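As provided, structure-v7.tsv (TSV, N, CA and C atoms and all ligand atoms) reads as follows.
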chain	number	residue	atom	x	y	z
A	1	MET	N	12.47	5.86	17.61
A	1	MET	CA	11.26	5.20	17.13
A	1	MET	C	10.64	4.37	18.26
A	2	GLU	N	9.33	4.37	18.32
A	2	GLU	CA	8.70	3.61	19.39
A	2	GLU	C	8.75	2.12	19.10
A	3	GLU	N	8.74	1.37	20.16
A	3	GLU	CA	8.88	-0.07	20.03
A	3	GLU	C	7.53	-0.69	19.66
A	4	LEU	N	7.52	-1.50	18.64
A	4	LEU	CA	6.29	-2.16	18.22
A	4	LEU	C	6.23	-3.55	18.84
A	5	PRO	N	4.99	-3.99	19.10
A	5	PRO	CA	4.85	-5.33	19.67
A	5	PRO	C	5.20	-6.41	18.64
A	6	ASN	N	5.60	-7.54	19.13
A	6	ASN	CA	5.85	-8.67	18.23
A	6	ASN	C	4.55	-9.15	17.61
A	7	CYS	N	4.70	-9.84	16.49
A	7	CYS	CA	3.54	-10.41	15.83
A	7	CYS	C	2.85	-11.40	16.76
A	8	PRO	N	1.53	-11.26	16.97
A	8	PRO	CA	0.84	-12.19	17.86
A	8	PRO	C	0.71	-13.59	17.27
A	9	LYS	N	0.95	-13.71	16.00
A	9	LYS	CA	0.82	-15.04	15.38
A	9	LYS	C	2.14	-15.81	15.39
A	10	CYS	N	3.18	-15.16	14.91
A	10	CYS	CA	4.45	-15.89	14.77
A	10	CYS	C	5.54	-15.32	15.66
A	11	GLN	N	5.21	-14.29	16.46
A	11	GLN	CA	6.16	-13.69	17.39
A	11	GLN	C	7.33	-12.99	16.69
A	12	SER	N	7.20	-12.72	15.42
A	12	SER	CA	8.25	-12.00	14.73
A	12	SER	C	8.42	-10.61	15.32
A	13	ALA	N	9.66	-10.16	15.43
A	13	ALA	CA	9.93	-8.82	15.95
A	13	ALA	C	10.00	-7.78	14.84
A	14	TYR	N	9.82	-8.22	13.59
A	14	TYR	CA	10.01	-7.31	12.46
A	14	TYR	C	8.71	-6.66	12.00
A	15	THR	N	7.83	-6.40	12.95
A	15	THR	CA	6.55	-5.80	12.59
A	15	THR	C	6.73	-4.33	12.24
A	16	TYR	N	5.86	-3.83	11.40
A	16	TYR	CA	5.90	-2.41	11.09
A	16	TYR	C	4.49	-1.85	11.03
A	17	GLU	N	4.40	-0.52	11.11
A	17	GLU	CA	3.11	0.13	11.12
A	17	GLU	C	2.69	0.52	9.72
A	18	ASP	N	1.42	0.31	9.42
A	18	ASP	CA	0.85	0.74	8.15
A	18	ASP	C	-0.47	1.41	8.47
A	19	GLY	N	-0.44	2.73	8.62
A	19	GLY	CA	-1.65	3.44	9.06
A	19	GLY	C	-2.01	3.02	10.46
A	20	ASN	N	-3.25	2.57	10.63
A	20	ASN	CA	-3.70	2.11	11.94
A	20	ASN	C	-3.36	0.66	12.20
A	21	LEU	N	-2.80	0.01	11.21
A	21	LEU	CA	-2.54	-1.42	11.34
A	21	LEU	C	-1.08	-1.69	11.64
A	22	LEU	N	-0.87	-2.81	12.28
A	22	LEU	CA	0.48	-3.35	12.39
A	22	LEU	C	0.54	-4.53	11.42
A	23	VAL	N	1.67	-4.65	10.77
A	23	VAL	CA	1.81	-5.68	9.75
A	23	VAL	C	3.05	-6.52	10.07
A	24	CYS	N	2.89	-7.81	9.90
A	24	CYS	CA	4.04	-8.71	10.08
A	24	CYS	C	4.53	-9.14	8.70
A	25	PRO	N	5.80	-8.84	8.36
A	25	PRO	CA	6.31	-9.20	7.03
A	25	PRO	C	6.57	-10.69	6.89
A	26	GLU	N	6.62	-11.40	8.00
A	26	GLU	CA	6.99	-12.82	7.92
A	26	GLU	C	5.81	-13.73	7.66
A	27	CYS	N	4.66	-13.43	8.31
A	27	CYS	CA	3.50	-14.30	8.10
A	27	CYS	C	2.33	-13.53	7.49
A	28	ALA	N	2.57	-12.23	7.20
A	28	ALA	CA	1.57	-11.39	6.54
A	28	ALA	C	0.35	-11.12	7.41
A	29	HIS	N	0.46	-11.38	8.69
A	29	HIS	CA	-0.64	-11.09	9.61
A	29	HIS	C	-0.76	-9.57	9.80
A	30	GLU	N	-2.01	-9.07	9.78
A	30	GLU	CA	-2.26	-7.65	10.04
A	30	GLU	C	-3.19	-7.53	11.22
A	31	TRP	N	-2.94	-6.58	12.08
A	31	TRP	CA	-3.84	-6.36	13.20
A	31	TRP	C	-3.81	-4.91	13.62
A	32	SER	N	-4.79	-4.55	14.42
A	32	SER	CA	-4.92	-3.16	14.81
A	32	SER	C	-3.98	-2.83	15.95
A	33	SER	N	-3.35	-1.68	15.86
A	33	SER	CA	-2.41	-1.29	16.91
A	33	SER	C	-3.09	-0.49	18.01
A	34	SER	N	-4.34	-0.11	17.80
A	34	SER	CA	-4.98	0.84	18.73
A	34	SER	C	-5.12	0.26	20.13
A	35	ASP	N	-5.21	-1.05	20.25
A	35	ASP	CA	-5.36	-1.66	21.57
A	35	ASP	C	-4.07	-1.59	22.37
A	36	ASN	N	-2.99	-1.26	21.70
A	36	ASN	CA	-1.70	-1.31	22.37
A	36	ASN	C	-1.20	0.07	22.76
A	37	GLU	N	-2.02	1.07	22.58
A	37	GLU	CA	-1.58	2.42	22.87
A	37	GLU	C	-1.43	2.66	24.37
A	38	ASP	N	-2.19	1.94	25.14
A	38	ASP	CA	-2.16	2.18	26.57
A	38	ASP	C	-0.85	1.77	27.20
A	39	GLU	N	-0.50	2.50	28.25
A	39	GLU	CA	0.81	2.32	28.85
A	39	GLU	C	1.03	0.91	29.40
A	40	ASN	N	-0.05	0.30	29.88
A	40	ASN	CA	0.17	-1.03	30.47
A	40	ASN	C	0.13	-2.15	29.43
A	41	GLY	N	0.09	-1.80	28.18
A	41	GLY	CA	0.46	-2.72	27.13
A	41	GLY	C	-0.39	-3.93	26.83
A	42	ASP	N	0.22	-5.07	26.92
A	42	ASP	CA	-0.28	-6.25	26.22
A	42	ASP	C	-1.70	-6.71	26.55
A	43	ASP	N	-2.06	-6.71	27.82
A	43	ASP	CA	-3.27	-7.43	28.18
A	43	ASP	C	-4.50	-6.54	28.27
A	44	GLN	N	-4.51	-5.45	27.55
A	44	GLN	CA	-5.62	-4.50	27.61
A	44	GLN	C	-6.91	-5.14	27.12
A	45	LYS	N	-7.93	-5.05	27.95
A	45	LYS	CA	-9.23	-5.58	27.57
A	45	LYS	C	-9.94	-4.56	26.68
A	46	VAL	N	-10.60	-5.03	25.65
A	46	VAL	CA	-11.36	-4.12	24.80
A	46	VAL	C	-12.79	-4.07	25.31
A	47	VAL	N	-13.24	-2.85	25.59
A	47	VAL	CA	-14.61	-2.66	26.07
A	47	VAL	C	-15.43	-2.07	24.94
A	48	LYS	N	-16.55	-2.72	24.65
A	48	LYS	CA	-17.38	-2.27	23.54
A	48	LYS	C	-18.76	-1.87	24.03
A	49	ASP	N	-19.36	-0.91	23.32
A	49	ASP	CA	-20.71	-0.49	23.68
A	49	ASP	C	-21.74	-1.42	23.06
A	50	ALA	N	-23.00	-1.06	23.20
A	50	ALA	CA	-24.09	-1.92	22.74
A	50	ALA	C	-24.02	-2.17	21.23
A	51	ASN	N	-23.41	-1.25	20.50
A	51	ASN	CA	-23.31	-1.40	19.05
A	51	ASN	C	-22.00	-2.03	18.60
A	52	GLY	N	-21.18	-2.38	19.56
A	52	GLY	CA	-19.91	-2.98	19.20
A	52	GLY	C	-18.80	-1.98	18.93
A	53	ASN	N	-19.05	-0.69	19.21
A	53	ASN	CA	-17.98	0.30	19.08
A	53	ASN	C	-17.05	0.21	20.28
A	54	VAL	N	-15.79	0.34	20.00
A	54	VAL	CA	-14.81	0.25	21.09
A	54	VAL	C	-14.84	1.54	21.91
A	55	LEU	N	-14.93	1.38	23.21
A	55	LEU	CA	-14.96	2.53	24.12
A	55	LEU	C	-13.57	2.77	24.69
A	56	GLN	N	-13.30	4.06	24.94
A	56	GLN	CA	-12.02	4.43	25.51
A	56	GLN	C	-12.22	5.40	26.65
A	57	ASP	N	-11.23	5.50	27.51
A	57	ASP	CA	-11.27	6.49	28.57
A	57	ASP	C	-11.55	7.87	27.98
A	58	GLY	N	-12.44	8.62	28.62
A	58	GLY	CA	-12.73	9.97	28.17
A	58	GLY	C	-13.87	10.07	27.18
A	59	ASP	N	-14.36	8.93	26.71
A	59	ASP	CA	-15.49	8.95	25.78
A	59	ASP	C	-16.77	9.44	26.46
A	60	SER	N	-17.70	9.92	25.64
A	60	SER	CA	-19.04	10.23	26.13
A	60	SER	C	-20.01	9.19	25.58
A	61	VAL	N	-20.94	8.79	26.43
A	61	VAL	CA	-21.90	7.77	26.02
A	61	VAL	C	-23.30	8.19	26.45
A	62	THR	N	-24.31	7.54	25.88
A	62	THR	CA	-25.66	7.67	26.41
A	62	THR	C	-26.14	6.30	26.88
A	63	VAL	N	-26.99	6.34	27.89
A	63	VAL	CA	-27.55	5.12	28.44
A	63	VAL	C	-28.69	4.66	27.54
A	64	ILE	N	-28.73	3.37	27.20
A	64	ILE	CA	-29.73	2.91	26.25
A	64	ILE	C	-30.90	2.18	26.90
A	65	LYS	N	-30.88	2.04	28.21
A	65	LYS	CA	-32.08	1.54	28.89
A	65	LYS	C	-32.10	2.08	30.30
A	66	ASP	N	-33.29	2.12	30.89
A	66	ASP	CA	-33.40	2.60	32.26
A	66	ASP	C	-32.60	1.67	33.18
A	67	LEU	N	-31.77	2.26	34.00
A	67	LEU	CA	-30.94	1.47	34.88
A	67	LEU	C	-31.24	1.81	36.33
A	68	LYS	N	-31.61	0.83	37.09
A	68	LYS	CA	-31.83	1.05	38.51
A	68	LYS	C	-30.50	1.25	39.20
A	69	VAL	N	-30.48	2.21	40.11
A	69	VAL	CA	-29.27	2.43	40.88
A	69	VAL	C	-29.34	1.56	42.13
A	70	LYS	N	-28.37	0.71	42.25
A	70	LYS	CA	-28.32	-0.25	43.36
A	70	LYS	C	-28.49	0.44	44.71
A	71	GLY	N	-29.36	-0.09	45.53
A	71	GLY	CA	-29.50	0.42	46.89
A	71	GLY	C	-30.33	1.68	47.01
A	72	THR	N	-30.86	2.16	45.89
A	72	THR	CA	-31.70	3.36	45.94
A	72	THR	C	-32.95	3.10	45.10
A	73	SER	N	-33.87	4.08	45.14
A	73	SER	CA	-35.04	3.95	44.28
A	73	SER	C	-34.85	4.74	43.00
A	74	SER	N	-33.65	5.28	42.81
A	74	SER	CA	-33.38	6.10	41.62
A	74	SER	C	-33.20	5.25	40.39
A	75	VAL	N	-33.50	5.86	39.27
A	75	VAL	CA	-33.30	5.20	37.99
A	75	VAL	C	-32.55	6.15	37.07
A	76	ILE	N	-31.52	5.65	36.46
A	76	ILE	CA	-30.85	6.43	35.42
A	76	ILE	C	-31.63	6.20	34.14
A	77	LYS	N	-32.19	7.28	33.65
A	77	LYS	CA	-33.11	7.16	32.52
A	77	LYS	C	-32.40	6.89	31.21
A	78	ILE	N	-33.09	6.17	30.37
A	78	ILE	CA	-32.61	5.97	29.01
A	78	ILE	C	-32.34	7.33	28.37
A	79	GLY	N	-31.24	7.44	27.67
A	79	GLY	CA	-30.90	8.71	27.02
A	79	GLY	C	-30.01	9.61	27.87
A	80	THR	N	-29.78	9.22	29.12
A	80	THR	CA	-28.91	10.02	29.97
A	80	THR	C	-27.50	10.08	29.37
A	81	LYS	N	-26.97	11.30	29.30
A	81	LYS	CA	-25.62	11.47	28.77
A	81	LYS	C	-24.60	11.29	29.87
A	82	VAL	N	-23.57	10.56	29.57
A	82	VAL	CA	-22.50	10.35	30.53
A	82	VAL	C	-21.19	10.77	29.88
A	83	LYS	N	-20.56	11.79	30.49
A	83	LYS	CA	-19.32	12.29	29.89
A	83	LYS	C	-18.10	11.71	30.58
A	84	ASN	N	-17.04	11.64	29.81
A	84	ASN	CA	-15.74	11.34	30.40
A	84	ASN	C	-15.72	10.04	31.19
A	85	ILE	N	-16.08	8.97	30.52
A	85	ILE	CA	-16.08	7.66	31.19
A	85	ILE	C	-14.66	7.17	31.40
A	86	ARG	N	-14.55	6.25	32.34
A	86	ARG	CA	-13.26	5.62	32.59
A	86	ARG	C	-13.49	4.11	32.60
A	87	LEU	N	-12.68	3.40	31.85
A	87	LEU	CA	-12.85	1.96	31.78
A	87	LEU	C	-12.15	1.29	32.94
A	88	VAL	N	-12.85	0.34	33.52
A	88	VAL	CA	-12.29	-0.37	34.67
A	88	VAL	C	-12.49	-1.87	34.49
A	89	GLU	N	-11.82	-2.63	35.32
A	89	GLU	CA	-11.98	-4.08	35.30
A	89	GLU	C	-13.29	-4.44	35.98
A	90	GLY	N	-13.85	-5.56	35.58
A	90	GLY	CA	-14.98	-6.07	36.33
A	90	GLY	C	-16.25	-6.18	35.52
A	91	ASP	N	-17.28	-6.62	36.21
A	91	ASP	CA	-18.57	-6.85	35.62
A	91	ASP	C	-19.15	-5.53	35.10
A	92	HIS	N	-19.09	-4.50	35.94
A	92	HIS	CA	-19.45	-3.15	35.52
A	92	HIS	C	-18.16	-2.48	35.07
A	93	ASP	N	-17.99	-2.35	33.78
A	93	ASP	CA	-16.67	-1.99	33.28
A	93	ASP	C	-16.51	-0.51	32.94
A	94	ILE	N	-17.50	0.30	33.30
A	94	ILE	CA	-17.39	1.74	33.08
A	94	ILE	C	-17.56	2.48	34.40
A	95	ASP	N	-16.58	3.29	34.71
A	95	ASP	CA	-16.61	4.12	35.90
A	95	ASP	C	-16.91	5.55	35.43
A	96	CYS	N	-17.86	6.23	36.06
A	96	CYS	CA	-18.21	7.55	35.55
A	96	CYS	C	-18.90	8.36	36.63
A	97	LYS	N	-19.15	9.60	36.29
A	97	LYS	CA	-19.95	10.45	37.17
A	97	LYS	C	-21.16	10.92	36.39
A	98	ILE	N	-22.32	10.81	36.98
A	98	ILE	CA	-23.55	11.25	36.32
A	98	ILE	C	-24.16	12.37	37.15
A	99	ASP	N	-24.56	13.43	36.45
A	99	ASP	CA	-25.21	14.54	37.13
A	99	ASP	C	-26.37	14.03	37.98
A	100	ASP	N	-26.51	14.54	39.16
A	100	ASP	CA	-27.56	14.19	40.12
A	100	ASP	C	-27.37	12.81	40.76
A	101	PHE	N	-26.43	12.03	40.27
A	101	PHE	CA	-26.22	10.71	40.86
A	101	PHE	C	-24.85	10.57	41.50
A	102	GLY	N	-23.87	11.24	40.90
A	102	GLY	CA	-22.51	11.11	41.42
A	102	GLY	C	-21.78	9.95	40.78
A	103	ALA	N	-20.79	9.45	41.48
A	103	ALA	CA	-19.96	8.38	40.94
A	103	ALA	C	-20.80	7.12	40.74
A	104	MET	N	-20.57	6.47	39.62
A	104	MET	CA	-21.45	5.39	39.21
A	104	MET	C	-20.65	4.38	38.39
A	105	LYS	N	-21.07	3.14	38.47
A	105	LYS	CA	-20.48	2.15	37.57
A	105	LYS	C	-21.56	1.60	36.66
A	106	LEU	N	-21.22	1.50	35.39
A	106	LEU	CA	-22.18	1.03	34.40
A	106	LEU	C	-21.61	-0.16	33.66
A	107	LYS	N	-22.51	-0.89	33.01
A	107	LYS	CA	-22.07	-1.96	32.13
A	107	LYS	C	-22.02	-1.41	30.71
A	108	SER	N	-20.94	-1.75	30.03
A	108	SER	CA	-20.75	-1.21	28.69
A	108	SER	C	-21.87	-1.66	27.74
A	109	GLU	N	-22.48	-2.79	28.02
A	109	GLU	CA	-23.53	-3.28	27.12
A	109	GLU	C	-24.80	-2.43	27.17
A	110	PHE	N	-24.90	-1.55	28.16
A	110	PHE	CA	-26.08	-0.70	28.29
A	110	PHE	C	-25.83	0.74	27.89
A	111	VAL	N	-24.73	0.99	27.20
A	111	VAL	CA	-24.45	2.35	26.76
A	111	VAL	C	-24.12	2.35	25.27
A	112	LYS	N	-24.16	3.54	24.72
A	112	LYS	CA	-23.88	3.76	23.32
A	112	LYS	C	-22.96	4.95	23.20
A	113	LYS	N	-21.90	4.79	22.44
A	113	LYS	CA	-20.96	5.88	22.26
A	113	LYS	C	-21.61	7.01	21.48
A	114	ILE	N	-21.34	8.26	21.92
A	114	ILE	CA	-21.91	9.42	21.22
A	114	ILE	C	-20.99	9.81	20.08
B	1	ZN	ZN	3.80	-12.92	11.95
Can the structure in the file be given as structure tokens, please?
Ligand SMILES: [Zn+2]
Amino acid sequence: MEELPNCPKCQSAYTYEDGNLLVCPECAHEWSSSDNEDENGDDQKVVKDANGNVLQDGDSVTVIKDLKVKGTSSVIKIGTKVKNIRLVEGDHDIDCKIDDFGAMKLKSEFVKKI
């Protein structure tokens, strides 16, 4: 059986899974386990799109406003589809490749999950 994280509220080790939720039998705290799926565990930052949907590596998004490409006169147009994003640390928290532009970093607040 895979190891479940301790309860974030009372640190109980007796947590169990209930569907997508983790449940603590000691303090009745329930929370989502999806943030803990990643291999590096506890401190995973949640990246959300403009609508508040949680983004994950491999997601496809569309750009929701024209974005100037730093150092060039190019603009990534609103509605541009971006496939297979990768979440990274930092101010621009999405690493991706865009057709005709190449490798690019975007801010999650300017995209929408497809
Ligand atoms: Zn608890």
(message) Give me, as a list of chain:residue names, the residues of chain A that a backbone DSSP run labels helix (DSSP H, G or I).
(response) A:Ser34, A:Asp35, A:Asn36, A:Gly41, A:Asp42, A:Asp43, A:Ser108, A:Glu109, A:Phe110
(message) Could you check the closest approach to Ser108 in chain A for each of A:Glu30, A:Asp49, A:Glu17, A:Asp57 and tell me which residue wins, using only N, CA and C atoms?
(response)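 Of A:Glu30, A:Asp49, A:Glu17, A:Asp57, the one nearest Ser108 in chain A is A:Asp49, counting only N, CA and C atoms.
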(request) Enumerate residues in contact with ligand ZN 1 (chain B): an atom-to-atom distance of at most 6 Å, counting only N, CA and C atoms and all ligand atoms. Format the result as a ChimeraX atom specification. (result) /A:7-12,24-29
(message) Considering only C-alpha atoms, can you say which of A:Asp91, A:Lys97, A:Lys48, A:Val75 comes closest to Val111 in chain A?
(response)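 Of the candidates, the smallest distance to Val111 in chain A is held by A:Lys48.
Near Leu106 in chain A, within 7 Å and counting only C-alpha atoms, sit A:His92, A:Asp93, A:Ile94, A:Asp95, A:Met104, A:Ser108; same-chain residues fewer than 2 positions away were not included.
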(request) Find the spatial neighbours of Cys96 in chain A, counting only N, CA and C atoms, within a cut-off of 6 Å - ignore same-chain residues fewer than 4 positions away - and output them as a count of residues only. (result) 8
(request) Pick out the closest residue to Lys112 in chain A from this set: A:Ala13, A:Gln56, A:Lys45, A:Val63. Count only N, CA and C atoms. (result)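 Residue with the minimum atom-to-atom distance to Lys112 in chain A: A:Val63.
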(request) Can you work out which one of A:Gly52, A:Leu87, A:Asn6, A:Phe101 has the shortest atom-to-atom distance to Ser73 in chain A, counting only C-alpha atoms? (result)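 So, comparing all the options, the nearest one is A:Phe101.
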(request) Go through A:Ile78, A:Ile114, A:Val69, A:Val88 one by one, measure the shortest atom-to-atom distance of each to Asn53 in chain A using only C-alpha atoms, and give the residue with the smallest value. (result) A:Ile114
(request) Just give me the gap between atom N of Gly79 in chain A and CA of Asp100 in chain A in Å, one decimal is fine. (result)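 These two atoms are separated by 14.6 Å.
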(message) Can you measure CA of Asp59 in chain A to CA of Lys113 in chain A for me? One decimal in Å is fine.
(response)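 Value for the CA of Asp59 in chain A-CA of Lys113 in chain A distance: 7.2 Å.
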